[in-house]
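Here is the file upload-v7.tsv (TSV, C-alpha atoms).
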chain	number	residue	atom	x	y	z
W	170	ALA	CA	3.83	-20.60	1.40
W	171	ALA	CA	2.06	-17.58	2.84
W	172	MET	CA	3.18	-14.37	4.52
W	173	LEU	CA	1.71	-11.43	6.35
W	174	PHE	CA	3.79	-8.26	6.63
W	175	ASN	CA	4.23	-6.97	10.16
W	176	SER	CA	6.55	-4.92	12.36
W	177	PHE	CA	7.93	-5.63	15.80
W	178	ASN	CA	9.24	-3.69	18.77
W	179	LEU	CA	12.64	-5.20	19.55
W	180	THR	CA	13.71	-4.45	23.12
W	181	GLY	CA	16.52	-5.56	25.40
W	182	SER	CA	20.25	-5.72	24.52
W	183	GLY	CA	20.29	-2.11	23.36
W	184	GLU	CA	17.92	0.72	22.56
W	185	PRO	CA	14.33	-0.21	21.64
W	186	GLU	CA	13.98	-0.50	17.88
W	187	ARG	CA	11.04	-0.86	15.51
W	188	ILE	CA	11.89	-3.60	13.02
W	189	ILE	CA	10.08	-4.42	9.81
W	190	GLY	CA	9.18	-8.09	9.79
W	191	SER	CA	6.86	-10.72	8.45
W	192	MET	CA	4.78	-13.60	9.74
W	193	VAL	CA	5.27	-16.61	7.47
W	194	THR	CA	4.33	-20.26	7.12
W	195	ALA	CA	6.89	-22.93	7.98
W	196	ASN	CA	7.68	-23.63	4.31
W	197	PHE	CA	8.35	-19.97	3.42
W	198	PHE	CA	12.14	-20.11	3.14
W	199	GLN	CA	12.01	-23.47	1.38
W	200	ALA	CA	9.57	-22.12	-1.19
W	201	LEU	CA	11.91	-19.23	-1.93
W	202	GLY	CA	14.95	-21.48	-2.09
W	203	VAL	CA	16.64	-19.52	0.70
W	204	LYS	CA	19.40	-21.28	2.63
W	205	LEU	CA	19.79	-19.90	6.12
W	206	VAL	CA	23.16	-18.58	7.28
W	207	GLN	CA	22.70	-20.28	10.64
W	208	GLY	CA	20.11	-22.49	12.27
W	209	ARG	CA	16.93	-23.81	10.74
W	210	ALA	CA	13.64	-22.73	9.22
W	211	PHE	CA	10.35	-22.95	11.08
W	212	LEU	CA	8.68	-26.29	11.77
W	213	PRO	CA	5.04	-27.00	10.81
W	214	GLU	CA	4.13	-27.53	14.46
W	215	GLU	CA	5.31	-23.98	15.22
W	216	GLU	CA	2.34	-22.60	13.28
W	217	SER	CA	0.23	-23.10	16.41
W	218	SER	CA	-0.24	-20.30	18.94
W	219	GLY	CA	0.46	-22.82	21.72
W	220	ALA	CA	3.84	-23.79	20.28
W	221	ALA	CA	7.21	-22.52	21.44
W	222	GLN	CA	7.72	-18.87	20.53
W	223	VAL	CA	10.49	-18.68	17.94
W	224	ALA	CA	11.93	-16.20	15.45
W	225	ILE	CA	14.35	-15.97	12.55
W	226	ILE	CA	16.42	-12.80	12.22
W	227	GLY	CA	18.07	-11.27	9.18
W	228	GLN	CA	21.82	-11.31	8.67
W	229	GLY	CA	22.02	-7.52	8.76
W	230	LEU	CA	20.14	-7.32	12.05
W	231	TRP	CA	22.29	-10.13	13.44
W	232	GLN	CA	25.45	-8.18	12.63
W	233	ARG	CA	24.14	-4.76	13.62
W	234	ARG	CA	22.30	-5.56	16.82
W	235	PHE	CA	24.01	-8.70	18.06
W	236	GLY	CA	27.55	-8.22	16.74
W	237	GLY	CA	27.32	-11.34	14.58
W	238	ASP	CA	27.23	-13.48	17.72
W	239	PRO	CA	28.11	-17.03	16.51
W	240	GLN	CA	26.11	-18.41	19.44
W	241	ILE	CA	22.92	-16.51	18.56
W	242	ILE	CA	20.95	-19.71	17.84
W	243	GLY	CA	19.02	-20.67	20.95
W	244	LYS	CA	19.22	-17.24	22.54
W	245	THR	CA	16.08	-15.25	23.28
W	246	ILE	CA	15.03	-11.84	21.99
W	247	THR	CA	12.05	-9.75	23.06
W	248	LEU	CA	9.52	-8.82	20.38
W	249	ASP	CA	6.49	-6.76	21.40
W	250	GLY	CA	7.17	-7.68	25.00
W	251	ARG	CA	7.23	-11.42	24.29
W	252	SER	CA	10.35	-13.59	24.52
W	253	ARG	CA	11.16	-15.60	21.40
W	254	THR	CA	13.99	-18.04	20.79
W	255	VAL	CA	16.15	-17.37	17.73
W	256	VAL	CA	16.21	-20.53	15.61
W	257	GLY	CA	17.78	-19.16	12.42
W	258	VAL	CA	19.57	-16.33	10.63
W	259	ALA	CA	18.41	-15.49	7.10
W	260	PRO	CA	20.86	-14.15	4.49
W	261	ASP	CA	20.75	-10.53	3.36
W	262	THR	CA	19.60	-11.68	-0.09
W	263	THR	CA	16.19	-12.41	1.45
W	264	ARG	CA	15.63	-8.66	1.71
W	265	ALA	CA	15.52	-8.46	-2.09
W	266	LEU	CA	12.22	-10.33	-1.79
W	267	GLN	CA	10.71	-8.42	1.12
W	268	GLU	CA	11.90	-5.64	3.41
W	269	ALA	CA	11.95	-7.77	6.54
W	270	GLU	CA	14.59	-8.41	9.18
W	271	ILE	CA	12.56	-10.58	11.54
W	272	TRP	CA	10.27	-13.50	10.73
W	273	THR	CA	7.89	-15.30	13.07
W	274	PRO	CA	5.58	-18.25	12.39
W	275	LEU	CA	2.14	-17.48	10.98
W	276	THR	CA	-0.42	-19.07	13.29
W	277	PHE	CA	-3.68	-20.16	11.70
W	278	ASP	CA	-5.51	-21.08	14.89
W	279	ASP	CA	-6.02	-17.42	15.74
W	280	PRO	CA	-9.78	-16.67	15.48
W	281	GLU	CA	-9.11	-13.61	13.29
W	282	MET	CA	-7.40	-15.86	10.75
W	283	LYS	CA	-10.71	-17.64	10.20
W	284	ILE	CA	-12.65	-14.53	9.15
W	285	ARG	CA	-13.07	-15.07	5.42
W	286	ARG	CA	-13.77	-11.47	4.48
W	287	PHE	CA	-10.26	-10.48	5.59
W	288	HIS	CA	-8.12	-10.78	2.43
W	289	PHE	CA	-4.69	-10.04	3.83
W	290	LEU	CA	-2.34	-12.95	3.11
W	291	ARG	CA	0.27	-12.97	0.37
W	292	ALA	CA	1.13	-16.37	-1.10
W	293	VAL	CA	4.32	-17.46	-2.86
W	294	GLY	CA	5.14	-20.69	-4.63
W	295	ARG	CA	7.02	-22.44	-7.40
W	296	LEU	CA	5.67	-23.82	-10.65
W	297	LYS	CA	5.75	-27.57	-11.12
W	298	PRO	CA	8.36	-28.70	-13.65
W	299	GLY	CA	6.93	-28.42	-17.15
W	300	MET	CA	4.01	-26.18	-16.17
W	301	THR	CA	3.71	-22.70	-17.68
W	302	LEU	CA	2.44	-19.65	-15.88
W	303	GLN	CA	-0.58	-19.62	-18.18
W	304	GLN	CA	-1.48	-23.20	-17.26
W	305	ALA	CA	-1.09	-22.45	-13.58
W	306	GLN	CA	-3.27	-19.34	-13.94
W	307	ALA	CA	-5.97	-21.43	-15.57
W	308	ASP	CA	-5.94	-23.78	-12.58
W	309	ILE	CA	-6.04	-20.84	-10.18
W	310	ASP	CA	-9.02	-19.37	-12.06
W	311	VAL	CA	-10.93	-22.60	-11.38
W	312	VAL	CA	-10.06	-22.32	-7.69
W	313	SER	CA	-11.18	-18.68	-7.61
W	314	ALA	CA	-14.49	-19.52	-9.24
W	315	GLY	CA	-15.05	-22.36	-6.79
W	316	LEU	CA	-14.34	-20.12	-3.79
W	317	GLU	CA	-16.70	-17.47	-5.11
W	318	LYS	CA	-19.46	-20.05	-5.46
W	319	LEU	CA	-18.88	-21.51	-1.99
W	320	TYR	CA	-18.37	-18.18	-0.21
W	321	PRO	CA	-20.22	-15.46	-2.16
W	322	ASP	CA	-20.29	-13.06	0.80
W	323	SER	CA	-16.52	-12.91	1.09
W	324	ASN	CA	-15.19	-13.99	-2.32
W	325	LYS	CA	-17.52	-12.38	-4.84
W	326	ASP	CA	-15.50	-10.65	-7.58
W	327	TRP	CA	-12.16	-11.53	-5.96
W	328	ARG	CA	-9.59	-13.17	-8.20
W	329	LEU	CA	-6.18	-14.75	-7.68
W	330	ARG	CA	-3.51	-13.54	-10.07
W	331	LEU	CA	-0.18	-15.32	-10.56
W	332	VAL	CA	2.71	-12.91	-10.99
W	333	PRO	CA	6.27	-14.00	-11.85
W	334	MET	CA	9.12	-12.78	-9.67
W	335	ARG	CA	10.64	-10.67	-12.42
W	336	GLU	CA	7.45	-8.64	-12.81
W	337	PHE	CA	7.28	-7.96	-9.10
W	338	LEU	CA	10.92	-7.17	-8.41
W	339	VAL	CA	12.10	-5.45	-11.61
W	340	GLY	CA	10.14	-2.31	-12.31
W	341	GLN	CA	7.58	-2.97	-9.59
W	342	THR	CA	4.45	-0.84	-9.67
W	343	TRP	CA	2.63	0.54	-6.65
W	344	THR	CA	-1.06	1.38	-6.97
W	345	ASN	CA	-3.65	3.68	-5.48
W	346	PHE	CA	-5.67	0.90	-3.92
W	347	GLY	CA	-3.38	-1.84	-2.70
W	348	ASP	CA	0.06	-2.96	-1.66
W	349	VAL	CA	1.45	-5.06	-4.50
W	350	SER	CA	4.83	-5.76	-2.92
W	351	GLY	CA	5.51	-9.46	-2.99
W	352	SER	CA	7.59	-12.38	-4.16
W	353	PRO	CA	7.92	-15.02	-6.90
W	354	ASN	CA	4.74	-16.52	-8.34
W	355	THR	CA	2.69	-14.49	-5.91
W	356	LEU	CA	-1.06	-14.84	-5.73
W	357	ASP	CA	-2.19	-11.24	-6.01
W	358	LEU	CA	-5.78	-10.70	-4.92
W	359	GLU	CA	-7.59	-8.41	-7.34
W	360	GLY	CA	-10.24	-6.28	-5.65
W	361	PRO	CA	-13.98	-6.45	-6.26
W	362	ASN	CA	-15.56	-4.65	-9.21
W	363	SER	CA	-16.54	-1.77	-6.97
W	364	MET	CA	-12.89	-0.86	-6.64
W	365	PRO	CA	-10.80	0.87	-9.34
W	366	ALA	CA	-10.62	-1.39	-12.36
W	367	SER	CA	-7.14	-0.37	-13.42
W	368	ARG	CA	-3.88	-0.07	-11.52
W	369	VAL	CA	-2.44	3.43	-11.54
W	370	PRO	CA	1.38	3.48	-11.60
W	371	GLN	CA	2.83	5.86	-9.03
W	372	ILE	CA	6.37	4.75	-8.26
W	373	ARG	CA	8.71	2.42	-10.11
W	374	TRP	CA	11.89	1.03	-8.62
W	375	ARG	CA	14.47	-1.62	-9.41
W	376	ARG	CA	16.47	-4.08	-7.34
W	377	GLN	CA	19.52	-6.21	-7.95
W	378	LEU	CA	18.45	-9.83	-8.18
W	379	ASN	CA	20.17	-13.05	-7.39
W	380	LYS	CA	20.58	-14.92	-10.69
W	381	LYS	CA	18.81	-18.01	-9.38
W	382	TRP	CA	15.61	-15.97	-8.89
W	383	LEU	CA	15.40	-15.18	-12.59

Representation of the structure as C-alpha coordinates:
Amino acid sequence: AAMLFNSFNLTGSGEPERIIGSMVTANFFQALGVKLVQGRAFLPEEESSGAAQVAIIGQGLWQRRFGGDPQIIGKTITLDGRSRTVVGVAPDTTRALQEAEIWTPLTFDDPEMKIRRFHFLRAVGRLKPGMTLQQAQADIDVVSAGLEKLYPDSNKDWRLRLVPMREFLVGQTWTNFGDVSGSPNTLDLEGPNSMPASRVPQIRWRRQLNKKWL
(Lines of atoms letter the chains of each structure in order from A and count residues from 1; the text may use other names and numbers.)
(Lines give C-alpha, C1' and ligand atoms only; values in the text may rest on other atoms or scores of the structure.)
Protein backbone atom coordinates (compact mmCIF):
# COMPACT_ATOMS: atom_id res chain seq x y z
CA ALA A 1 0.00 0.00 0.00
CA ALA A 2 1.14 3.57 -0.58
CA MET A 3 0.28 6.93 0.94
CA LEU A 4 0.93 10.59 0.34
CA PHE A 5 0.40 13.01 3.23
CA ASN A 6 -1.90 15.91 2.45
CA SER A 7 -4.26 18.40 4.08
CA PHE A 8 -7.76 19.45 3.11
CA ASN A 9 -10.02 22.45 3.56
CA LEU A 10 -13.26 21.06 5.00
CA THR A 11 -16.17 23.44 4.42
CA GLY A 12 -19.93 23.29 4.88
CA SER A 13 -21.79 22.07 7.99
CA GLY A 14 -19.86 24.40 10.28
CA GLU A 15 -16.85 26.69 10.23
CA PRO A 16 -14.19 26.02 7.57
CA GLU A 17 -11.46 23.80 8.99
CA ARG A 18 -8.04 22.71 7.79
CA ILE A 19 -7.77 18.96 8.33
CA ILE A 20 -4.64 16.84 8.15
CA GLY A 21 -5.22 13.96 5.78
CA SER A 22 -3.64 11.46 3.47
CA MET A 23 -4.10 10.13 -0.04
CA VAL A 24 -3.83 6.34 0.02
CA THR A 25 -4.15 3.30 -2.22
CA ALA A 26 -7.27 1.15 -1.99
CA ASN A 27 -5.48 -1.55 0.04
CA PHE A 28 -4.12 0.86 2.68
CA PHE A 29 -6.44 -0.04 5.56
CA GLN A 30 -6.24 -3.74 4.73
CA ALA A 31 -2.44 -3.61 4.79
CA LEU A 32 -2.52 -2.03 8.24
CA GLY A 33 -5.11 -4.47 9.52
CA VAL A 34 -7.50 -1.62 10.34
CA LYS A 35 -11.19 -2.49 10.63
CA LEU A 36 -13.41 0.48 9.89
CA VAL A 37 -15.97 1.64 12.45
CA GLN A 38 -18.52 2.14 9.69
CA GLY A 39 -18.68 1.63 5.95
CA ARG A 40 -15.97 0.25 3.71
CA ALA A 41 -12.44 0.86 2.51
CA PHE A 42 -11.66 2.23 -0.92
CA LEU A 43 -12.12 0.14 -4.05
CA PRO A 44 -9.33 -0.36 -6.63
CA GLU A 45 -11.41 1.34 -9.30
CA GLU A 46 -11.56 4.47 -7.13
CA GLU A 47 -7.84 5.05 -7.76
CA SER A 48 -8.79 6.69 -11.06
CA SER A 49 -9.32 10.45 -11.32
CA GLY A 50 -12.49 9.76 -13.32
CA ALA A 51 -14.02 7.62 -10.58
CA ALA A 52 -16.60 8.73 -8.05
CA GLN A 53 -15.14 11.17 -5.51
CA VAL A 54 -15.09 9.45 -2.13
CA ALA A 55 -13.52 9.90 1.30
CA ILE A 56 -13.02 8.11 4.60
CA ILE A 57 -13.12 10.20 7.77
CA GLY A 58 -11.61 9.53 11.18
CA GLN A 59 -13.71 8.59 14.18
CA GLY A 60 -12.69 11.73 16.06
CA LEU A 61 -13.66 13.99 13.18
CA TRP A 62 -16.92 12.08 12.78
CA GLN A 63 -17.79 12.72 16.43
CA ARG A 64 -16.52 16.29 16.58
CA ARG A 65 -17.78 17.67 13.30
CA PHE A 66 -20.76 15.48 12.50
CA GLY A 67 -21.99 14.56 15.98
CA GLY A 68 -21.36 10.86 15.40
CA ASP A 69 -24.16 10.82 12.82
CA PRO A 70 -25.04 7.10 12.40
CA GLN A 71 -26.20 7.88 8.85
CA ILE A 72 -22.91 9.50 7.80
CA ILE A 73 -22.16 6.80 5.18
CA GLY A 74 -23.35 8.02 1.81
CA LYS A 75 -23.47 11.67 2.80
CA THR A 76 -21.30 14.24 1.05
CA ILE A 77 -18.63 16.52 2.49
CA THR A 78 -16.76 19.32 0.74
CA LEU A 79 -12.97 19.05 0.59
CA ASP A 80 -11.03 21.80 -1.18
CA GLY A 81 -14.25 22.89 -2.84
CA ARG A 82 -15.00 19.42 -4.20
CA SER A 83 -17.89 17.23 -3.02
CA ARG A 84 -16.92 13.75 -1.86
CA THR A 85 -19.12 10.94 -0.61
CA VAL A 86 -18.21 9.47 2.78
CA VAL A 87 -17.80 5.70 2.37
CA GLY A 88 -16.19 4.84 5.71
CA VAL A 89 -15.21 5.90 9.22
CA ALA A 90 -11.76 4.87 10.45
CA PRO A 91 -11.13 4.15 14.16
CA ASP A 92 -9.11 6.53 16.31
CA THR A 93 -6.36 3.91 16.58
CA THR A 94 -5.44 4.71 12.98
CA ARG A 95 -4.04 8.03 14.18
CA ALA A 96 -1.29 6.15 16.03
CA LEU A 97 0.05 5.33 12.56
CA GLN A 98 -0.36 8.73 10.94
CA GLU A 99 -1.81 12.06 12.01
CA ALA A 100 -4.69 12.00 9.55
CA GLU A 101 -8.42 12.47 9.94
CA ILE A 102 -9.43 12.30 6.28
CA TRP A 103 -8.32 9.84 3.60
CA THR A 104 -8.96 10.02 -0.13
CA PRO A 105 -7.94 7.61 -2.90
CA LEU A 106 -4.49 8.05 -4.40
CA THR A 107 -4.92 8.42 -8.16
CA PHE A 108 -2.06 7.20 -10.31
CA ASP A 109 -3.36 8.49 -13.64
CA ASP A 110 -2.44 12.05 -12.71
CA PRO A 111 0.43 13.15 -15.03
CA GLU A 112 2.49 14.36 -12.04
CA MET A 113 2.39 10.85 -10.60
CA LYS A 114 4.36 9.64 -13.63
CA ILE A 115 7.35 11.95 -13.10
CA ARG A 116 10.01 9.55 -11.87
CA ARG A 117 12.27 12.12 -10.25
CA PHE A 118 9.54 12.95 -7.71
CA HIS A 119 10.23 10.64 -4.75
CA PHE A 120 7.27 11.43 -2.54
CA LEU A 121 5.30 8.26 -1.81
CA ARG A 122 5.48 6.32 1.44
CA ALA A 123 4.84 2.57 1.19
CA VAL A 124 3.63 0.19 3.89
CA GLY A 125 3.27 -3.57 3.84
CA ARG A 126 3.39 -6.82 5.75
CA LEU A 127 6.06 -9.50 5.67
CA LYS A 128 5.12 -12.85 4.20
CA PRO A 129 4.80 -15.60 6.83
CA GLY A 130 8.23 -17.02 7.59
CA MET A 131 10.17 -14.16 5.99
CA THR A 132 12.53 -12.07 8.12
CA LEU A 133 13.10 -8.37 7.75
CA GLN A 134 16.65 -9.09 6.63
CA GLN A 135 15.45 -11.39 3.84
CA ALA A 136 12.91 -8.83 2.71
CA GLN A 137 15.57 -6.10 2.73
CA ALA A 138 17.78 -8.26 0.53
CA ASP A 139 14.95 -8.58 -1.99
CA ILE A 140 14.31 -4.84 -1.84
CA ASP A 141 18.01 -4.15 -2.46
CA VAL A 142 17.75 -6.12 -5.71
CA VAL A 143 14.74 -4.04 -6.71
CA SER A 144 16.58 -0.81 -5.88
CA ALA A 145 19.58 -1.84 -7.94
CA GLY A 146 17.34 -2.75 -10.86
CA LEU A 147 15.54 0.61 -10.74
CA GLU A 148 18.84 2.46 -10.61
CA LYS A 149 20.04 0.61 -13.69
CA LEU A 150 16.81 1.20 -15.61
CA TYR A 151 16.33 4.82 -14.54
CA PRO A 152 19.75 6.31 -13.70
CA ASP A 153 18.53 9.90 -14.05
CA SER A 154 15.93 9.55 -11.33
CA ASN A 155 17.06 6.59 -9.21
CA LYS A 156 20.82 6.94 -8.97
CA ASP A 157 21.95 6.54 -5.34
CA TRP A 158 18.39 6.13 -4.06
CA ARG A 159 17.73 3.14 -1.83
CA LEU A 160 14.64 1.55 -0.30
CA ARG A 161 14.94 0.80 3.40
CA LEU A 162 12.53 -1.47 5.27
CA VAL A 163 11.73 -0.21 8.74
CA PRO A 164 9.65 -2.16 11.28
CA MET A 165 6.69 -0.45 12.91
CA ARG A 166 8.28 -0.46 16.36
CA GLU A 167 11.28 1.53 15.13
CA PHE A 168 9.05 4.13 13.53
CA LEU A 169 6.46 4.55 16.27
CA VAL A 170 8.45 4.03 19.49
CA GLY A 171 11.21 6.56 19.84
CA GLN A 172 10.80 7.92 16.33
CA THR A 173 13.58 10.15 15.04
CA TRP A 174 13.13 13.23 12.88
CA THR A 175 16.02 14.37 10.70
CA ASN A 176 17.42 17.50 9.13
CA PHE A 177 16.76 16.39 5.58
CA GLY A 178 13.56 14.41 5.41
CA ASP A 179 10.24 13.49 6.94
CA VAL A 180 10.61 9.99 8.36
CA SER A 181 7.10 9.70 9.77
CA GLY A 182 5.51 6.51 8.57
CA SER A 183 4.02 3.13 9.32
CA PRO A 184 4.85 -0.60 9.65
CA ASN A 185 7.43 -2.08 7.28
CA THR A 186 7.74 1.25 5.54
CA LEU A 187 9.94 1.68 2.51
CA ASP A 188 12.02 4.69 3.49
CA LEU A 189 13.79 6.32 0.56
CA GLU A 190 17.37 7.20 1.45
CA GLY A 191 18.62 10.30 -0.33
CA PRO A 192 21.42 10.46 -2.88
CA ASN A 193 25.04 10.60 -1.79
CA SER A 194 25.07 14.35 -2.25
CA MET A 195 22.76 14.67 0.72
CA PRO A 196 23.82 14.28 4.38
CA ALA A 197 25.05 10.75 4.91
CA SER A 198 23.84 10.44 8.48
CA ARG A 199 20.52 11.17 10.12
CA VAL A 200 20.72 13.80 12.84
CA PRO A 201 18.29 13.18 15.72
CA GLN A 202 16.35 16.29 16.67
CA ILE A 203 13.15 15.20 18.40
CA ARG A 204 12.16 11.89 19.94
CA TRP A 205 8.62 11.02 20.93
CA ARG A 206 6.63 7.99 21.98
CA ARG A 207 3.11 6.75 21.31
CA GLN A 208 0.86 4.16 22.87
CA LEU A 209 0.55 1.23 20.49
CA ASN A 210 -2.15 -1.28 19.88
CA LYS A 211 -0.75 -4.68 20.91
CA LYS A 212 -1.49 -6.22 17.51
CA TRP A 213 0.90 -3.73 15.86
CA LEU A 214 3.85 -5.06 17.85

Residues within 12 Å of (-5.8, -18.3, 8.0), file coordinates, counting all atoms listed in the file: what are they? Give the list as a PyMOL selection string.
chain W and resi 170-173+192-194+216-217+275-292

Please list as a list in words every residue within 8 Å of range 250-258 of chain W, counting only C-alpha atoms and excluding residues in the same chain fewer than 6 positions away.
Asn178, Thr180, Leu205, Val206, Gln207, Gly208, Arg209, Ala210, Phe211, Ala221, Gln222, Val223, Ala224, Ile225, Ile226, Gly227, Gln228, Trp231, Ile241, Ile242, Gly243 and Lys244 of chain W

So that I can check the surroundings of range 199-204 of chain W, please list as an MDAnalysis selection string every protein, DNA and RNA residue that reaches within 7 Å of it, counting all atoms listed in the file and ignoring chain neighbours fewer than 3 positions away.
chainID W and resid 170 196 294:295

Determine the nearest neighbour of Asn175 in chain W from the options W:Gln267, W:Thr245, W:Gln306, W:Thr301, counting all atoms listed in the file.
W:Gln267

What gap, in Å, lies between CA of Gln303 in chain W and CA of Glu317 in chain W?
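Distance reported for this atom pair: 20.9 Å.
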
Report as a list of chain:residue names all protein, DNA and RNA residues lying within 6 Å of Ala195 in chain W, evaluated on all atoms listed in the file, omitting residues in the same chain fewer than 2 positions from it.
W:Phe197, W:Phe211, W:Leu212, W:Pro213

Compile the contact shell of Phe177 in chain W as a list in words: residues with an atom at most 6 Å away, counting all atoms listed in the file, same-chain residues fewer than 3 positions apart removed.
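Contacts, in chain order: Arg187, Ile188, Leu248 and Asp249 of chain W.
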
Could you take the residues named above and write them with C-alpha atoms, as a PDB file, in the coordinates of the input?
ATOM      1  CA  ARG W 187      11.040  -0.860  15.510  1.00  0.00           C
ATOM      2  CA  ILE W 188      11.890  -3.600  13.020  1.00  0.00           C
ATOM      3  CA  LEU W 248       9.520  -8.820  20.380  1.00  0.00           C
ATOM      4  CA  ASP W 249       6.490  -6.760  21.400  1.00  0.00           C
TER       5      ASP W 249
END

Could you tell me how far CA of Gln232 in chain W sits from CA of Val293 in chain W, in Å to one decimal place?
27.8 Å

Mind working out the centre and edge lengths of an axis-aligned box for range 300-311 of chain W, all listed atoms inside, 4 Å added to each side, rounded to one decimal in Å and written as AutoDock Vina command-line options?
--center_x -3.5 --center_y -22.8 --center_z -14.2 --size_x 22.9 --size_y 14.8 --size_z 16.0
